[in-house]
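Following: one structure in structure tokens, then a few remarks.
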Amino acid sequence: MNQIASDWKDYEVLDAGNKEKLERWNDVILRRPDPVALWPIDDESDWKKAHAVYHRSSKGGGSWEYKKPIKEFWTIGYKDLRFKISPTGFKHTGLFPEQAANWDFIMNTIRQAKADHPERPVRILNLFAYTGGATMAAAKAGADEVVHLDASKGINAWAKENMELNHLEDKKIRFLVDDVMKFIAREKRRGRKYDGIIMDPPSYGRGPNGEVWKLEDNIFELINQAKDLLSDNALFFLVNLYTTGFPLTTLKQTLERTVGRQFGGYVEVGETLLPITREHALLPCGLFGRWTSFKPE
């Protein structure tokens, strides 16, 4: 199955093509690279409206060219969630809007669990948590505790700003800066369990001591180790992948041979997509795979 993040009002992909996308973030229009938009641009008139354009550098990275003045940061909303947006030196803005489809899943699942068993605690672990879109969704939906883990102090500080924007200061959210595999090993020794696990691992990276991370070499072990942190009455295990060309069947079988083999339940995988306003097309934005203890609708 595929999932489309189609309920946005403050965000919109206006057009895409020539390996770029044109986006509206509230009233700010940004033009950014997107390697999967391989088709040509049919009409360039809208593209001239961009407030800022991101240009890649041949030496890596890149920079923004500002066509019109914009604020250093602003906020956008998704349903009852709020997020800080700010263009960064690596083309990102602090939010991946396609993940709204996963936020809906997380919020609906937690709310249903709470409605069915009001007395049960729900503890969520968010790994490679970035600025905390999924963290805020889980906390807003009523999770009793959310552990938010990212290796970057600066990104965790951004996530705390999102917590404040969502008025979640009274919720039990633990912001941790740590290596994911080392954290999982420690949590296993402590015997701590979670009712939902979310992970968004990078395609490639290096650890603090120069360790090389490659998704295709490490994803099975990562999921296999993390599954041991699921509680006996766990709700879900959600994986997001942005690695171009990673096979959906491999992700499905990995979840089936790890989480599914230990807990039973159901596994589904698919593409995560954003609607493109022009021509009513769809923009591929990565893969998702999720295990649930309940049968998907």
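Letters A, B, ... mark the chains of the structure tokens in the order given; residue numbers begin at 1 per chain; ligand numbers begin at 1, in order shown.
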Residues near Ala113 (chain A), anyone? I mean within 10 Å using only C-alpha atoms, not counting same-chain ones fewer than 6 positions away, as number ranges by chain. A: 107, 119-122, 142-143, 235
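Close contacts of region 18-33 of chain A, defined as residues with an atom at most 7 Å away when counting only C-alpha atoms, with chain neighbours fewer than 5 positions off set aside, comprise Asp10, Tyr11, Glu12, Val13, Leu38, Trp39, Pro40, Ile41, Trp47, Ala50, His51, Ala52, Val53, Tyr54, Ile76 and Lys91 of chain A.
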Show me, as a PyMOL selection string, the residues that have an atom within 8 Å of region 237-240 of chain A when counting only C-alpha atoms, minus same-chain residues fewer than 5 positions from it. chain A and resi 196-201+227+259+286-292
For this session: Find the spatial neighbours of Val177 (chain A), counting only C-alpha atoms, within a cut-off of 12 Å - ignore same-chain residues fewer than 5 positions away - and output them as a PyMOL selection string.
Result: chain A and resi 127-130+147-157+159+182-183+208
For the selection you just gave me, I'd like the residues written to a file as a CSV table (one decimal), in the first residue's frame, keeping N, CA and C atoms.
```csv
chain,number,residue,atom,x,y,z
A,127,LEU,N,13.5,7.0,17.4
A,127,LEU,CA,15.0,7.0,17.1
A,127,LEU,C,15.3,7.7,15.9
A,128,PHE,N,16.5,8.4,15.8
A,128,PHE,CA,16.8,9.3,14.7
A,128,PHE,C,15.7,10.3,14.6
A,129,ALA,N,15.4,11.0,15.7
A,129,ALA,CA,14.1,11.7,15.9
A,129,ALA,C,14.0,13.0,15.2
A,130,TYR,N,15.2,13.6,14.8
A,130,TYR,CA,15.2,14.9,14.1
A,130,TYR,C,14.5,15.9,15.0
A,147,VAL,N,10.3,9.0,24.4
A,147,VAL,CA,11.7,9.1,24.5
A,147,VAL,C,12.2,9.5,23.1
A,148,HIS,N,12.8,10.7,23.0
A,148,HIS,CA,13.2,11.3,21.7
A,148,HIS,C,14.7,11.3,21.6
A,149,LEU,N,15.2,10.5,20.7
A,149,LEU,CA,16.7,10.4,20.6
A,149,LEU,C,17.2,10.8,19.3
A,150,ASP,N,18.2,11.7,19.3
A,150,ASP,CA,18.9,12.1,18.1
A,150,ASP,C,20.4,12.4,18.5
A,151,ALA,N,21.3,12.2,17.6
A,151,ALA,CA,22.7,12.4,17.9
A,151,ALA,C,23.2,13.8,17.9
A,152,SER,N,22.3,14.8,17.4
A,152,SER,CA,22.6,16.2,17.3
A,152,SER,C,22.0,17.0,18.4
A,153,LYS,N,22.9,17.7,19.2
A,153,LYS,CA,22.4,18.6,20.2
A,153,LYS,C,21.5,19.7,19.6
A,154,GLY,N,22.0,20.3,18.5
A,154,GLY,CA,21.3,21.4,17.9
A,154,GLY,C,19.9,21.0,17.4
A,155,ILE,N,19.8,19.8,16.8
A,155,ILE,CA,18.5,19.3,16.4
A,155,ILE,C,17.6,19.0,17.6
A,156,ASN,N,18.1,18.5,18.7
A,156,ASN,CA,17.3,18.3,19.9
A,156,ASN,C,16.8,19.6,20.4
A,157,ALA,N,17.6,20.7,20.3
A,157,ALA,CA,17.2,22.0,20.8
A,157,ALA,C,16.0,22.5,19.9
A,159,ALA,N,13.9,20.5,18.4
A,159,ALA,CA,12.7,19.7,18.8
A,159,ALA,C,12.1,20.2,20.1
A,182,LYS,N,24.1,2.0,20.8
A,182,LYS,CA,24.5,2.0,22.1
A,182,LYS,C,23.3,2.2,23.1
A,183,PHE,N,22.4,3.1,22.7
A,183,PHE,CA,21.3,3.3,23.6
A,183,PHE,C,20.4,2.1,23.6
A,208,PRO,N,30.6,8.9,16.2
A,208,PRO,CA,31.5,9.8,16.8
A,208,PRO,C,33.0,9.4,16.8
```
- Item | Who sits within 9 Å of region 223-225 of chain A, only C-alpha atoms, same chain under 6 positions skipped, as a ChimeraX atom specification | /A:181,184-185,188,199,239,254-255,257-259
Take the residues just selected and output them with N, CA, C and O atoms as a short mmCIF file (atom, residue, chain, number, x, y, z; two decimals), in the first residue's frame.
```
data_model
loop_
_atom_site.label_atom_id
_atom_site.label_comp_id
_atom_site.auth_asym_id
_atom_site.auth_seq_id
_atom_site.Cartn_x
_atom_site.Cartn_y
_atom_site.Cartn_z
N MET A 181 22.49 2.62 18.50
CA MET A 181 22.79 1.23 18.84
C MET A 181 23.27 1.09 20.28
O MET A 181 22.90 0.14 20.98
N ILE A 184 20.15 1.44 22.49
CA ILE A 184 19.34 0.23 22.48
C ILE A 184 19.95 -0.84 23.39
O ILE A 184 19.24 -1.49 24.17
N ALA A 185 21.27 -1.00 23.32
CA ALA A 185 21.94 -2.01 24.15
C ALA A 185 21.75 -1.70 25.64
O ALA A 185 21.49 -2.61 26.45
N LYS A 188 18.14 -2.42 26.73
CA LYS A 188 17.92 -3.86 26.88
C LYS A 188 18.45 -4.35 28.22
O LYS A 188 17.79 -5.15 28.91
N MET A 199 11.47 4.80 13.83
CA MET A 199 12.86 5.05 13.45
C MET A 199 12.94 5.57 12.02
O MET A 199 12.17 5.17 11.15
N VAL A 239 9.08 2.19 10.49
CA VAL A 239 10.38 2.48 9.88
C VAL A 239 10.17 3.39 8.68
O VAL A 239 9.33 3.10 7.81
N THR A 254 12.43 -7.95 6.07
CA THR A 254 13.20 -7.64 7.28
C THR A 254 12.27 -7.50 8.49
O THR A 254 12.55 -8.05 9.57
N LEU A 255 11.16 -6.78 8.33
CA LEU A 255 10.21 -6.64 9.43
C LEU A 255 9.55 -7.97 9.78
O LEU A 255 9.34 -8.30 10.95
N ARG A 257 10.85 -10.97 9.39
CA ARG A 257 11.81 -11.91 9.97
C ARG A 257 12.34 -11.46 11.34
O ARG A 257 13.06 -12.20 11.99
N THR A 258 12.00 -10.24 11.74
CA THR A 258 12.44 -9.74 13.04
C THR A 258 11.24 -9.54 13.96
O THR A 258 10.91 -10.40 14.77
N VAL A 259 10.53 -8.45 13.79
CA VAL A 259 9.39 -8.14 14.65
C VAL A 259 8.27 -9.16 14.47
O VAL A 259 7.72 -9.69 15.45
#
```
Alpha helix (DSSP H) residues, from DSSP on the backbone, in region 110-249 of chain A, as an MDAnalysis selection string
chainID A and resid 110:116 133:140 153:165 180:190 215:226 248:249
Between CA of Ala139 (chain A) and CA of Pro118 (chain A) lies a distance of 15.4 Å
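Contact shell of region 191-193 of chain A at 7 Å (only C-alpha atoms; same-chain neighbours under 5 positions omitted): Leu229, Leu230 and Ser231 of chain A.
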Could those selected residues go to a file with all heavy atoms, as an mmCIF file, in the first residue's frame?
```
data_model
loop_
_atom_site.group_PDB
_atom_site.id
_atom_site.type_symbol
_atom_site.label_atom_id
_atom_site.label_comp_id
_atom_site.auth_asym_id
_atom_site.auth_seq_id
_atom_site.Cartn_x
_atom_site.Cartn_y
_atom_site.Cartn_z
ATOM 1 N N LEU A 229 13.033 -4.193 22.413
ATOM 2 C CA LEU A 229 12.533 -3.172 23.333
ATOM 3 C C LEU A 229 11.010 -3.061 23.292
ATOM 4 O O LEU A 229 10.437 -2.273 24.045
ATOM 5 C CB LEU A 229 13.154 -1.805 22.996
ATOM 6 C CG LEU A 229 14.674 -1.711 23.102
ATOM 7 C CD1 LEU A 229 15.133 -0.291 22.783
ATOM 8 C CD2 LEU A 229 15.160 -2.114 24.494
ATOM 9 N N LEU A 230 10.352 -3.843 22.430
ATOM 10 C CA LEU A 230 8.893 -3.814 22.370
ATOM 11 C C LEU A 230 8.296 -4.552 23.571
ATOM 12 O O LEU A 230 8.777 -5.612 23.977
ATOM 13 C CB LEU A 230 8.388 -4.450 21.079
ATOM 14 C CG LEU A 230 8.558 -3.635 19.798
ATOM 15 C CD1 LEU A 230 8.185 -4.490 18.587
ATOM 16 C CD2 LEU A 230 7.726 -2.361 19.828
ATOM 17 N N SER A 231 7.226 -3.988 24.094
ATOM 18 C CA SER A 231 6.522 -4.626 25.203
ATOM 19 C C SER A 231 5.693 -5.805 24.691
ATOM 20 O O SER A 231 5.471 -5.962 23.482
ATOM 21 C CB SER A 231 5.605 -3.616 25.890
ATOM 22 O OG SER A 231 4.559 -3.227 25.017
#
```
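Rounded to one decimal, CA of Asp15 (chain A) and CA of Leu274 (chain A) lie 10.9 Å from each other.
Closest approach to Thr109 (chain A) among A:Asp46, A:Glu211, A:Asp232, A:Asp195: A:Asp195, based on only C-alpha atoms.
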Contact check, region 261-282 of chain A to region 245-253 of chain A, at most 7 Å, counting only C-alpha atoms, closest pairs as CSV:
```
residue,atom,partner,partner_atom,distance
A:Val267,CA,A:Lys252,CA,6.8
A:Glu268,CA,A:Lys252,CA,6.9
A:Val269,CA,A:Lys252,CA,6.1
A:Gly270,CA,A:Leu248,CA,6.8
```
Would you write out those residues with C-alpha atoms, as a PDB file, in the first residue's frame?
```pdb
ATOM      1  CA  VAL A 267       3.455  -6.041   8.293  1.00  0.00           C
ATOM      2  CA  GLU A 268       2.705  -3.538   5.540  1.00  0.00           C
ATOM      3  CA  VAL A 269       5.065  -1.486   3.380  1.00  0.00           C
ATOM      4  CA  GLY A 270       4.714   1.152   0.699  1.00  0.00           C
TER       5      GLY A 270
END
```
Counting only C-alpha atoms, closest pick from A:Gly62, A:Gly264, A:Asn126, A:Gly94 relative to Glu161 (chain A) is A:Gly94
Residues near Arg123 (chain A), anyone? I mean within 6 Å using only C-alpha atoms, not counting same-chain ones fewer than 6 positions away, as a ChimeraX atom specification. /A:144-146,194-195
I need the residues from that last selection saved to file as an mmCIF file, in the first residue's frame (with N, CA, C and O atoms), if you can.
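Result went into again_12.cif, see below:
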```cif
data_model
loop_
_atom_site.group_PDB
_atom_site.id
_atom_site.type_symbol
_atom_site.label_atom_id
_atom_site.label_comp_id
_atom_site.auth_asym_id
_atom_site.auth_seq_id
_atom_site.Cartn_x
_atom_site.Cartn_y
_atom_site.Cartn_z
ATOM 1 N N ASP A 144 1.945 8.369 27.347
ATOM 2 C CA ASP A 144 2.341 8.678 28.726
ATOM 3 C C ASP A 144 3.808 9.073 28.820
ATOM 4 O O ASP A 144 4.192 9.819 29.727
ATOM 5 N N GLU A 145 4.621 8.572 27.909
ATOM 6 C CA GLU A 145 6.036 8.942 27.856
ATOM 7 C C GLU A 145 6.525 8.798 26.427
ATOM 8 O O GLU A 145 6.171 7.840 25.729
ATOM 9 N N VAL A 146 7.313 9.763 25.973
ATOM 10 C CA VAL A 146 7.966 9.680 24.672
ATOM 11 C C VAL A 146 9.455 9.906 24.884
ATOM 12 O O VAL A 146 9.858 10.921 25.460
ATOM 13 N N TYR A 194 8.876 -0.567 25.330
ATOM 14 C CA TYR A 194 8.091 0.474 24.682
ATOM 15 C C TYR A 194 6.926 -0.153 23.923
ATOM 16 O O TYR A 194 7.032 -1.267 23.399
ATOM 17 N N ASP A 195 5.825 0.593 23.852
ATOM 18 C CA ASP A 195 4.628 0.109 23.162
ATOM 19 C C ASP A 195 4.617 0.514 21.693
ATOM 20 O O ASP A 195 3.820 -0.020 20.914
#
```
Using only C-alpha atoms, the shortest atom-to-atom distance to Leu222 (chain A) among A:Ser63, A:Ile106, A:Asp179, A:Lys172 belongs to A:Asp179
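Nearest to Trp103 (chain A) of all the residues A:Asp170, A:Asp34, A:Asp7, A:Glu164 is A:Asp7, based on only C-alpha atoms.
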